[in-house]
Protein chains: 2
Amino acid sequence: MAKHDANLSLLFHALADPTRRSILTRLAEGSARVTELSEPSGLRLPTVMRHLSVLEEAGLIVTSKDGRVRTCAIVPEALAPVRTWLDEQRGLWEARLDRLEAFAMKAKKEDTQ
Amino acid sequence: MAKHDANLSLLFHALADPTRRSILTRLAEGSARVTELSEPSGLRLPTVMRHLSVLEEAGLIVTSKDGRVRTCAIVPEALAPVRTWLDEQRGLWEARLDRLEAFAMKAKKEDTQ
C-alpha cells in the first residue's frame with residue numbers, strides 16, 4: 001500500500017507540470033530524440049533533460065541511448081494507477097449517493113405511512 | 001488553454017500527496033470537520049489546514065465556517081479535467097496504434113502482391 005501510494009505520488013507529481021504533460025502528448029504520437037523535444041518548445045536542453053528525468057522516475061517514459069543520441073518513448077500503461085485511483089474515488093462517491101438516496105426513500109415511505 | 005493548463009497543474013499537484021489523497025477519500029464518504037480529519041490521521045491541525053488549503057485552491061474541496069467550526073466537503077466534478085486529460089492521452093495513443101496497424105497491413109499486402 002505504501003509502495004502503491006509512493007508510485008501514485010510520483011505519477012501525479014510528474015503530471016503536475018505543463019511542459020511535462022506536453023512532452024507526454026508529443027511522445028504519444030511517436031518516439032522522439034531529446035533534441036526533437038527541446039527544439040520546437042524553445043526549451044534549453046538541460047531543462048528538457050530535467051523534465052525527462054522526472055517522467056522517467058515516474059515510469060511514464062523510457063529512454064535509450066545510441067551513441068550520443070538519446071531517444072524517448074512513452075509507457076502508456078504507466079497511467080493505469082491514476083485511472084484506477086479516479087475510478088475508486090468515483091465508486092466511493094456513487095456509493096455515498098446511493099446511501100443518501102436509500103435514506104431519502106425510506107424517510108419518504110415512513111412519512112406516507 | 002493556458003488557464004486550462006494551470007488548472008490541471010493545480011489539480012495534479014494537489015493529488016501528488018498521499019495525505020491529501022486520503023483526505024479526499026475520507027470526504028468522499030461525507031463532509032467532515034477539520035478536527036475529524038486531523039484526529040484519526042494523527043496529523044497536527046496546522047498541517048491538515050495547509051493540505052486543505054492546497055485542495056481548496058485546486059477546487060477539489062470547499063470549506064465553510066460556522067462559528068469556530070470549519071467543515072469540509074468534496075467537489076466530485078472537480079476531477080473531471082483530470083479524467084478528460086487521461087482520455088485525450090489514451091485517444092492519441094490508440095490513434096497511433098491504428099496508424100501503425102494500417103501501415104503494417106499495407107506493407108503485408110504489398111509484400112504478398
# chains A, B, ... in the order shown; residues from 1 in each chain; ligands from 1
>>> select_by_dssp(residues="region 7-68 of chain A", states="strand (DSSP E)", output="PyMOL selection string")
chain A and resi 32-33+61-66
>>> residues_around(residues="region 47-62 of chain B", least_positions_apart="4", cutoff="6 Å", atoms="only C-alpha atoms", output="PyMOL selection string")
chain B and resi 10-11+14+72-75+78
>>> write_last_selection(atoms="C-alpha atoms", output="PDB file, in the first residue's frame")
ATOM      1  CA  LEU B  10      -3.055  22.681  -9.656  1.00  0.00           C
ATOM      2  CA  LEU B  11      -5.184  19.516  -9.689  1.00  0.00           C
ATOM      3  CA  ALA B  14      -2.964  18.644  -5.142  1.00  0.00           C
ATOM      4  CA  CYS B  72     -15.007  20.452   4.509  1.00  0.00           C
ATOM      5  CA  ALA B  73     -16.820  18.833   1.587  1.00  0.00           C
ATOM      6  CA  ILE B  74     -15.504  17.423  -1.681  1.00  0.00           C
ATOM      7  CA  VAL B  75     -16.415  18.759  -5.112  1.00  0.00           C
ATOM      8  CA  ALA B  78     -13.564  18.929  -9.939  1.00  0.00           C
TER       9      ALA B  78
END
>>> interface_residues(of="chain B", to="chain A", cutoff="12 Å", atoms="only C-alpha atoms", output="CSV table (one decimal) with N, CA, C and O atoms, in the first residue's frame")
chain,number,residue,atom,x,y,z
B,1,MET,N,-6.6,28.1,-23.0
B,1,MET,CA,-5.7,26.9,-22.9
B,1,MET,C,-4.7,27.0,-21.8
B,1,MET,O,-4.5,26.1,-21.0
B,2,ALA,N,-4.2,28.3,-21.6
B,2,ALA,CA,-3.2,28.5,-20.6
B,2,ALA,C,-3.9,28.3,-19.2
B,2,ALA,O,-3.3,27.7,-18.3
B,3,LYS,N,-5.2,28.8,-19.1
B,3,LYS,CA,-5.9,28.8,-17.9
B,3,LYS,C,-6.3,27.3,-17.6
B,3,LYS,O,-6.1,26.8,-16.4
B,4,HIS,N,-6.7,26.6,-18.6
B,4,HIS,CA,-7.0,25.2,-18.5
B,4,HIS,C,-5.8,24.4,-18.0
B,4,HIS,O,-5.9,23.5,-17.1
B,5,ASP,N,-4.6,24.7,-18.6
B,5,ASP,CA,-3.3,24.1,-18.2
B,5,ASP,C,-3.0,24.3,-16.8
B,5,ASP,O,-2.6,23.4,-16.0
B,6,ALA,N,-3.2,25.6,-16.3
B,6,ALA,CA,-2.8,26.0,-15.0
B,6,ALA,C,-3.7,25.2,-14.0
B,6,ALA,O,-3.3,24.8,-12.9
B,7,ASN,N,-5.0,25.1,-14.4
B,7,ASN,CA,-6.0,24.4,-13.5
B,7,ASN,C,-5.6,22.9,-13.4
B,7,ASN,O,-5.6,22.3,-12.3
B,8,LEU,N,-5.2,22.3,-14.5
B,8,LEU,CA,-4.7,20.9,-14.5
B,8,LEU,C,-3.5,20.7,-13.6
B,8,LEU,O,-3.4,19.8,-12.9
B,9,SER,N,-2.6,21.7,-13.7
B,9,SER,CA,-1.4,21.6,-12.9
B,9,SER,C,-1.7,21.7,-11.4
B,9,SER,O,-1.1,20.9,-10.6
B,10,LEU,N,-2.6,22.6,-11.1
B,10,LEU,CA,-3.1,22.7,-9.7
B,10,LEU,C,-3.7,21.4,-9.2
B,10,LEU,O,-3.4,20.9,-8.1
B,11,LEU,N,-4.5,20.8,-10.0
B,11,LEU,CA,-5.2,19.5,-9.7
B,11,LEU,C,-4.2,18.4,-9.5
B,11,LEU,O,-4.2,17.7,-8.4
B,12,PHE,N,-3.3,18.2,-10.4
B,12,PHE,CA,-2.3,17.1,-10.3
B,12,PHE,C,-1.4,17.4,-9.1
B,12,PHE,O,-1.0,16.5,-8.4
B,13,HIS,N,-1.0,18.7,-8.9
B,13,HIS,CA,-0.2,19.0,-7.7
B,13,HIS,C,-0.9,18.6,-6.4
B,13,HIS,O,-0.3,18.0,-5.5
B,14,ALA,N,-2.2,18.9,-6.4
B,14,ALA,CA,-3.0,18.6,-5.1
B,14,ALA,C,-3.0,17.1,-4.9
B,14,ALA,O,-3.0,16.7,-3.8
B,15,LEU,N,-3.1,16.4,-6.0
B,15,LEU,CA,-3.2,14.9,-5.9
B,15,LEU,C,-1.9,14.2,-5.6
B,15,LEU,O,-1.9,13.0,-5.4
B,16,ALA,N,-0.8,14.9,-5.7
B,16,ALA,CA,0.5,14.3,-5.6
B,16,ALA,C,1.0,14.0,-4.2
B,16,ALA,O,2.1,13.7,-4.0
B,17,ASP,N,0.1,14.2,-3.2
B,17,ASP,CA,0.5,13.9,-1.8
B,17,ASP,C,-0.5,12.9,-1.2
B,17,ASP,O,-1.7,13.1,-1.3
B,18,PRO,N,0.1,11.9,-0.6
B,18,PRO,CA,-0.8,10.8,0.0
B,18,PRO,C,-1.7,11.3,1.1
B,18,PRO,O,-2.9,10.8,1.2
B,19,THR,N,-1.3,12.3,1.9
B,19,THR,CA,-2.2,12.8,2.9
B,19,THR,C,-3.4,13.5,2.3
B,19,THR,O,-4.6,13.3,2.7
B,20,ARG,N,-3.1,14.3,1.2
B,20,ARG,CA,-4.2,15.0,0.5
B,20,ARG,C,-5.2,14.0,-0.1
B,20,ARG,O,-6.4,14.1,-0.1
B,21,ARG,N,-4.6,12.9,-0.7
B,21,ARG,CA,-5.5,11.9,-1.3
B,21,ARG,C,-6.3,11.2,-0.3
B,21,ARG,O,-7.5,10.9,-0.5
B,22,SER,N,-5.7,10.9,0.9
B,22,SER,CA,-6.5,10.3,1.9
B,22,SER,C,-7.6,11.2,2.5
B,22,SER,O,-8.7,10.7,2.9
B,23,ILE,N,-7.3,12.5,2.5
B,23,ILE,CA,-8.4,13.4,2.9
B,23,ILE,C,-9.6,13.4,1.9
B,23,ILE,O,-10.7,13.3,2.3
B,24,LEU,N,-9.2,13.4,0.6
B,24,LEU,CA,-10.3,13.3,-0.4
B,24,LEU,C,-11.1,12.0,-0.2
B,24,LEU,O,-12.3,12.0,-0.4
B,25,THR,N,-10.4,10.9,0.0
B,25,THR,CA,-11.1,9.6,0.1
B,25,THR,C,-12.0,9.6,1.4
B,25,THR,O,-13.2,9.2,1.3
B,26,ARG,N,-11.6,10.2,2.4
B,26,ARG,CA,-12.4,10.4,3.6
B,26,ARG,C,-13.6,11.2,3.3
B,26,ARG,O,-14.8,10.9,3.7
B,27,LEU,N,-13.4,12.4,2.6
B,27,LEU,CA,-14.5,13.3,2.3
B,27,LEU,C,-15.5,12.7,1.3
B,27,LEU,O,-16.6,13.2,1.2
B,28,ALA,N,-15.0,11.7,0.5
B,28,ALA,CA,-16.0,11.1,-0.5
B,28,ALA,C,-17.1,10.3,0.3
B,28,ALA,O,-18.1,10.1,-0.2
B,29,GLU,N,-16.8,10.0,1.5
B,29,GLU,CA,-17.8,9.3,2.4
B,29,GLU,C,-18.7,10.3,3.1
B,29,GLU,O,-19.7,9.8,3.6
B,30,GLY,N,-18.4,11.5,3.0
B,30,GLY,CA,-19.2,12.5,3.7
B,30,GLY,C,-18.4,13.7,4.2
B,30,GLY,O,-17.2,13.6,4.4
B,31,SER,N,-19.1,14.8,4.3
B,31,SER,CA,-18.4,16.0,4.8
B,31,SER,C,-17.8,15.8,6.2
B,31,SER,O,-18.3,14.9,6.9
B,58,ALA,N,-7.2,24.1,-5.5
B,58,ALA,CA,-7.4,23.3,-6.8
B,58,ALA,C,-8.9,23.1,-7.1
B,58,ALA,O,-9.2,22.5,-8.1
B,73,ALA,N,-16.1,19.7,2.5
B,73,ALA,CA,-16.8,18.8,1.6
B,73,ALA,C,-16.1,18.7,0.2
B,73,ALA,O,-15.5,19.7,-0.2
B,74,ILE,N,-16.2,17.5,-0.4
B,74,ILE,CA,-15.5,17.4,-1.7
B,74,ILE,C,-16.4,18.0,-2.8
B,74,ILE,O,-17.6,18.1,-2.6
B,75,VAL,N,-15.7,18.3,-3.9
B,75,VAL,CA,-16.4,18.8,-5.1
B,75,VAL,C,-16.1,17.7,-6.2
B,75,VAL,O,-15.1,17.8,-6.9
B,76,PRO,N,-16.9,16.6,-6.3
B,76,PRO,CA,-16.5,15.5,-7.1
B,76,PRO,C,-16.3,15.8,-8.5
B,76,PRO,O,-15.4,15.3,-9.2
B,77,GLU,N,-17.0,16.8,-9.1
B,77,GLU,CA,-16.9,17.1,-10.5
B,77,GLU,C,-15.6,17.8,-10.8
B,77,GLU,O,-15.2,18.0,-12.0
B,78,ALA,N,-14.9,18.2,-9.7
B,78,ALA,CA,-13.6,18.9,-9.9
B,78,ALA,C,-12.5,18.0,-10.6
B,78,ALA,O,-11.5,18.4,-11.1
B,79,LEU,N,-12.7,16.7,-10.4
B,79,LEU,CA,-11.8,15.7,-11.0
B,79,LEU,C,-12.0,15.5,-12.5
B,79,LEU,O,-11.2,14.9,-13.2
B,80,ALA,N,-13.1,16.1,-13.1
B,80,ALA,CA,-13.4,15.9,-14.5
B,80,ALA,C,-12.2,16.2,-15.4
B,80,ALA,O,-11.9,15.5,-16.3
B,81,PRO,N,-11.5,17.4,-15.3
B,81,PRO,CA,-10.4,17.7,-16.2
B,81,PRO,C,-9.3,16.7,-16.2
B,81,PRO,O,-8.7,16.4,-17.2
B,82,VAL,N,-9.1,16.0,-15.0
B,82,VAL,CA,-8.1,15.0,-14.9
B,82,VAL,C,-8.5,13.8,-15.8
B,82,VAL,O,-7.7,13.3,-16.6
B,83,ARG,N,-9.7,13.4,-15.7
B,83,ARG,CA,-10.3,12.3,-16.4
B,83,ARG,C,-10.2,12.6,-17.9
B,83,ARG,O,-9.8,11.8,-18.8
B,84,THR,N,-10.6,13.9,-18.3
B,84,THR,CA,-10.6,14.3,-19.7
B,84,THR,C,-9.2,14.2,-20.3
B,84,THR,O,-8.9,13.7,-21.4
B,85,TRP,N,-8.2,14.7,-19.5
B,85,TRP,CA,-6.8,14.7,-19.9
B,85,TRP,C,-6.3,13.2,-20.2
B,85,TRP,O,-5.7,12.9,-21.2
B,86,LEU,N,-6.7,12.3,-19.3
B,86,LEU,CA,-6.3,10.9,-19.4
B,86,LEU,C,-7.0,10.3,-20.7
B,86,LEU,O,-6.3,9.6,-21.4
B,87,ASP,N,-8.2,10.6,-20.9
B,87,ASP,CA,-8.9,10.1,-22.1
B,87,ASP,C,-8.3,10.7,-23.4
B,87,ASP,O,-8.2,9.9,-24.4
B,88,GLU,N,-7.9,11.9,-23.4
B,88,GLU,CA,-7.2,12.5,-24.5
B,88,GLU,C,-5.9,11.8,-24.8
B,88,GLU,O,-5.6,11.5,-26.0
B,89,GLN,N,-5.1,11.5,-23.7
B,89,GLN,CA,-3.9,10.8,-23.9
B,89,GLN,C,-4.1,9.4,-24.5
B,89,GLN,O,-3.4,8.9,-25.4
B,90,ARG,N,-5.1,8.7,-24.0
B,90,ARG,CA,-5.5,7.4,-24.5
B,90,ARG,C,-5.9,7.4,-26.0
B,90,ARG,O,-5.5,6.6,-26.8
B,91,GLY,N,-6.7,8.5,-26.3
B,91,GLY,CA,-7.1,8.7,-27.7
B,91,GLY,C,-5.9,8.8,-28.6
B,91,GLY,O,-5.9,8.2,-29.7
B,92,LEU,N,-4.9,9.6,-28.2
B,92,LEU,CA,-3.7,9.9,-29.1
B,92,LEU,C,-3.0,8.6,-29.3
B,92,LEU,O,-2.5,8.2,-30.4
B,93,TRP,N,-2.9,7.8,-28.2
B,93,TRP,CA,-2.1,6.6,-28.2
B,93,TRP,C,-2.8,5.5,-29.1
B,93,TRP,O,-2.2,4.9,-29.9
B,94,GLU,N,-4.1,5.4,-28.9
B,94,GLU,CA,-4.9,4.5,-29.8
B,94,GLU,C,-4.8,4.9,-31.2
B,94,GLU,O,-4.8,4.0,-32.1
B,95,ALA,N,-4.9,6.2,-31.5
B,95,ALA,CA,-4.8,6.6,-32.9
B,95,ALA,C,-3.5,6.2,-33.5
B,95,ALA,O,-3.4,5.8,-34.7
B,96,ARG,N,-2.4,6.3,-32.7
B,96,ARG,CA,-1.1,6.0,-33.2
B,96,ARG,C,-1.0,4.4,-33.5
B,96,ARG,O,-0.5,4.0,-34.5
B,97,LEU,N,-1.6,3.6,-32.6
B,97,LEU,CA,-1.6,2.2,-32.8
B,97,LEU,C,-2.4,1.9,-34.1
B,97,LEU,O,-2.0,1.0,-34.8
B,98,ASP,N,-3.5,2.6,-34.3
B,98,ASP,CA,-4.3,2.3,-35.5
B,98,ASP,C,-3.5,2.6,-36.8
B,98,ASP,O,-3.5,1.9,-37.7
B,99,ARG,N,-2.7,3.7,-36.7
B,99,ARG,CA,-1.9,4.1,-37.8
B,99,ARG,C,-0.8,3.0,-38.1
B,99,ARG,O,-0.5,2.6,-39.2
B,100,LEU,N,-0.2,2.6,-37.0
B,100,LEU,CA,0.8,1.5,-37.1
B,100,LEU,C,0.3,0.2,-37.7
B,100,LEU,O,0.9,-0.4,-38.6
>>> atom_distance(atom1="CA of Asp66 (chain B)", atom2="CA of Pro46 (chain B)")
18.7 Å
>>> closest_atom_pairs(of="region 49-92 of chain A", to="region 33-37 of chain A", cutoff="7 Å", atoms="only C-alpha atoms", output="Markdown table")
| residue | atom | partner | partner_atom | distance |
| --- | --- | --- | --- | --- |
| A:Val69 | CA | A:Arg33 | CA | 6.9 |
| A:Arg70 | CA | A:Arg33 | CA | 5.7 |
| A:Thr71 | CA | A:Arg33 | CA | 4.2 |
| A:Cys72 | CA | A:Arg33 | CA | 6.1 |
>>> select_by_dssp(residues="chain B", states="helix (DSSP H, G or I)", output="PyMOL selection string")
chain B and resi 2-15+18-28+34-41+45-57+76-112
>>> atom_distance(atom1="CA of Phe103 (chain A)", atom2="CA of Thr63 (chain B)")
24.7 Å
>>> decode(residues="region 91-107 of chain B", atoms="N, CA, C and O atoms", output="JSON list (two decimals), in the first residue's frame")
[["chain", "number", "residue", "atom", "x", "y", "z"],
["B", 91, "GLY", "N", -6.65, 8.49, -26.30],
["B", 91, "GLY", "CA", -7.09, 8.68, -27.68],
["B", 91, "GLY", "C", -5.91, 8.83, -28.63],
["B", 91, "GLY", "O", -5.86, 8.21, -29.69],
["B", 92, "LEU", "N", -4.93, 9.65, -28.23],
["B", 92, "LEU", "CA", -3.74, 9.86, -29.06],
["B", 92, "LEU", "C", -2.99, 8.55, -29.27],
["B", 92, "LEU", "O", -2.55, 8.23, -30.36],
["B", 93, "TRP", "N", -2.85, 7.82, -28.17],
["B", 93, "TRP", "CA", -2.10, 6.57, -28.21],
["B", 93, "TRP", "C", -2.80, 5.53, -29.10],
["B", 93, "TRP", "O", -2.17, 4.87, -29.92],
["B", 94, "GLU", "N", -4.13, 5.44, -28.95],
["B", 94, "GLU", "CA", -4.88, 4.48, -29.76],
["B", 94, "GLU", "C", -4.85, 4.85, -31.24],
["B", 94, "GLU", "O", -4.76, 3.98, -32.10],
["B", 95, "ALA", "N", -4.90, 6.17, -31.52],
["B", 95, "ALA", "CA", -4.82, 6.62, -32.91],
["B", 95, "ALA", "C", -3.47, 6.22, -33.51],
["B", 95, "ALA", "O", -3.37, 5.80, -34.67],
["B", 96, "ARG", "N", -2.42, 6.34, -32.68],
["B", 96, "ARG", "CA", -1.09, 5.96, -33.16],
["B", 96, "ARG", "C", -1.03, 4.45, -33.46],
["B", 96, "ARG", "O", -0.48, 4.02, -34.47],
["B", 97, "LEU", "N", -1.62, 3.65, -32.55],
["B", 97, "LEU", "CA", -1.64, 2.20, -32.77],
["B", 97, "LEU", "C", -2.39, 1.86, -34.05],
["B", 97, "LEU", "O", -1.97, 0.99, -34.82],
["B", 98, "ASP", "N", -3.52, 2.56, -34.29],
["B", 98, "ASP", "CA", -4.30, 2.33, -35.51],
["B", 98, "ASP", "C", -3.46, 2.63, -36.75],
["B", 98, "ASP", "O", -3.50, 1.88, -37.73],
["B", 99, "ARG", "N", -2.71, 3.75, -36.70],
["B", 99, "ARG", "CA", -1.87, 4.11, -37.85],
["B", 99, "ARG", "C", -0.81, 3.04, -38.09],
["B", 99, "ARG", "O", -0.54, 2.65, -39.22],
["B", 100, "LEU", "N", -0.20, 2.55, -36.99],
["B", 100, "LEU", "CA", 0.84, 1.52, -37.11],
["B", 100, "LEU", "C", 0.25, 0.25, -37.71],
["B", 100, "LEU", "O", 0.86, -0.40, -38.56],
["B", 101, "GLU", "N", -0.96, -0.10, -37.26],
["B", 101, "GLU", "CA", -1.61, -1.31, -37.74],
["B", 101, "GLU", "C", -1.92, -1.19, -39.24],
["B", 101, "GLU", "O", -1.68, -2.12, -40.01],
["B", 102, "ALA", "N", -2.45, -0.02, -39.63],
["B", 102, "ALA", "CA", -2.77, 0.22, -41.04],
["B", 102, "ALA", "C", -1.51, 0.12, -41.89],
["B", 102, "ALA", "O", -1.51, -0.47, -42.98],
["B", 103, "PHE", "N", -0.43, 0.69, -41.38],
["B", 103, "PHE", "CA", 0.84, 0.67, -42.09],
["B", 103, "PHE", "C", 1.34, -0.77, -42.26],
["B", 103, "PHE", "O", 1.76, -1.17, -43.34],
["B", 104, "ALA", "N", 1.23, -1.56, -41.16],
["B", 104, "ALA", "CA", 1.69, -2.96, -41.20],
["B", 104, "ALA", "C", 0.86, -3.78, -42.19],
["B", 104, "ALA", "O", 1.39, -4.59, -42.96],
["B", 105, "MET", "N", -0.46, -3.52, -42.21],
["B", 105, "MET", "CA", -1.35, -4.27, -43.11],
["B", 105, "MET", "C", -1.04, -3.93, -44.57],
["B", 105, "MET", "O", -1.03, -4.80, -45.44],
["B", 106, "LYS", "N", -0.81, -2.62, -44.82],
["B", 106, "LYS", "CA", -0.49, -2.17, -46.18],
["B", 106, "LYS", "C", 0.82, -2.82, -46.64],
["B", 106, "LYS", "O", 0.92, -3.33, -47.77],
["B", 107, "ALA", "N", 1.81, -2.84, -45.75],
["B", 107, "ALA", "CA", 3.12, -3.41, -46.09],
["B", 107, "ALA", "C", 2.98, -4.90, -46.40],
["B", 107, "ALA", "O", 3.57, -5.42, -47.35]]
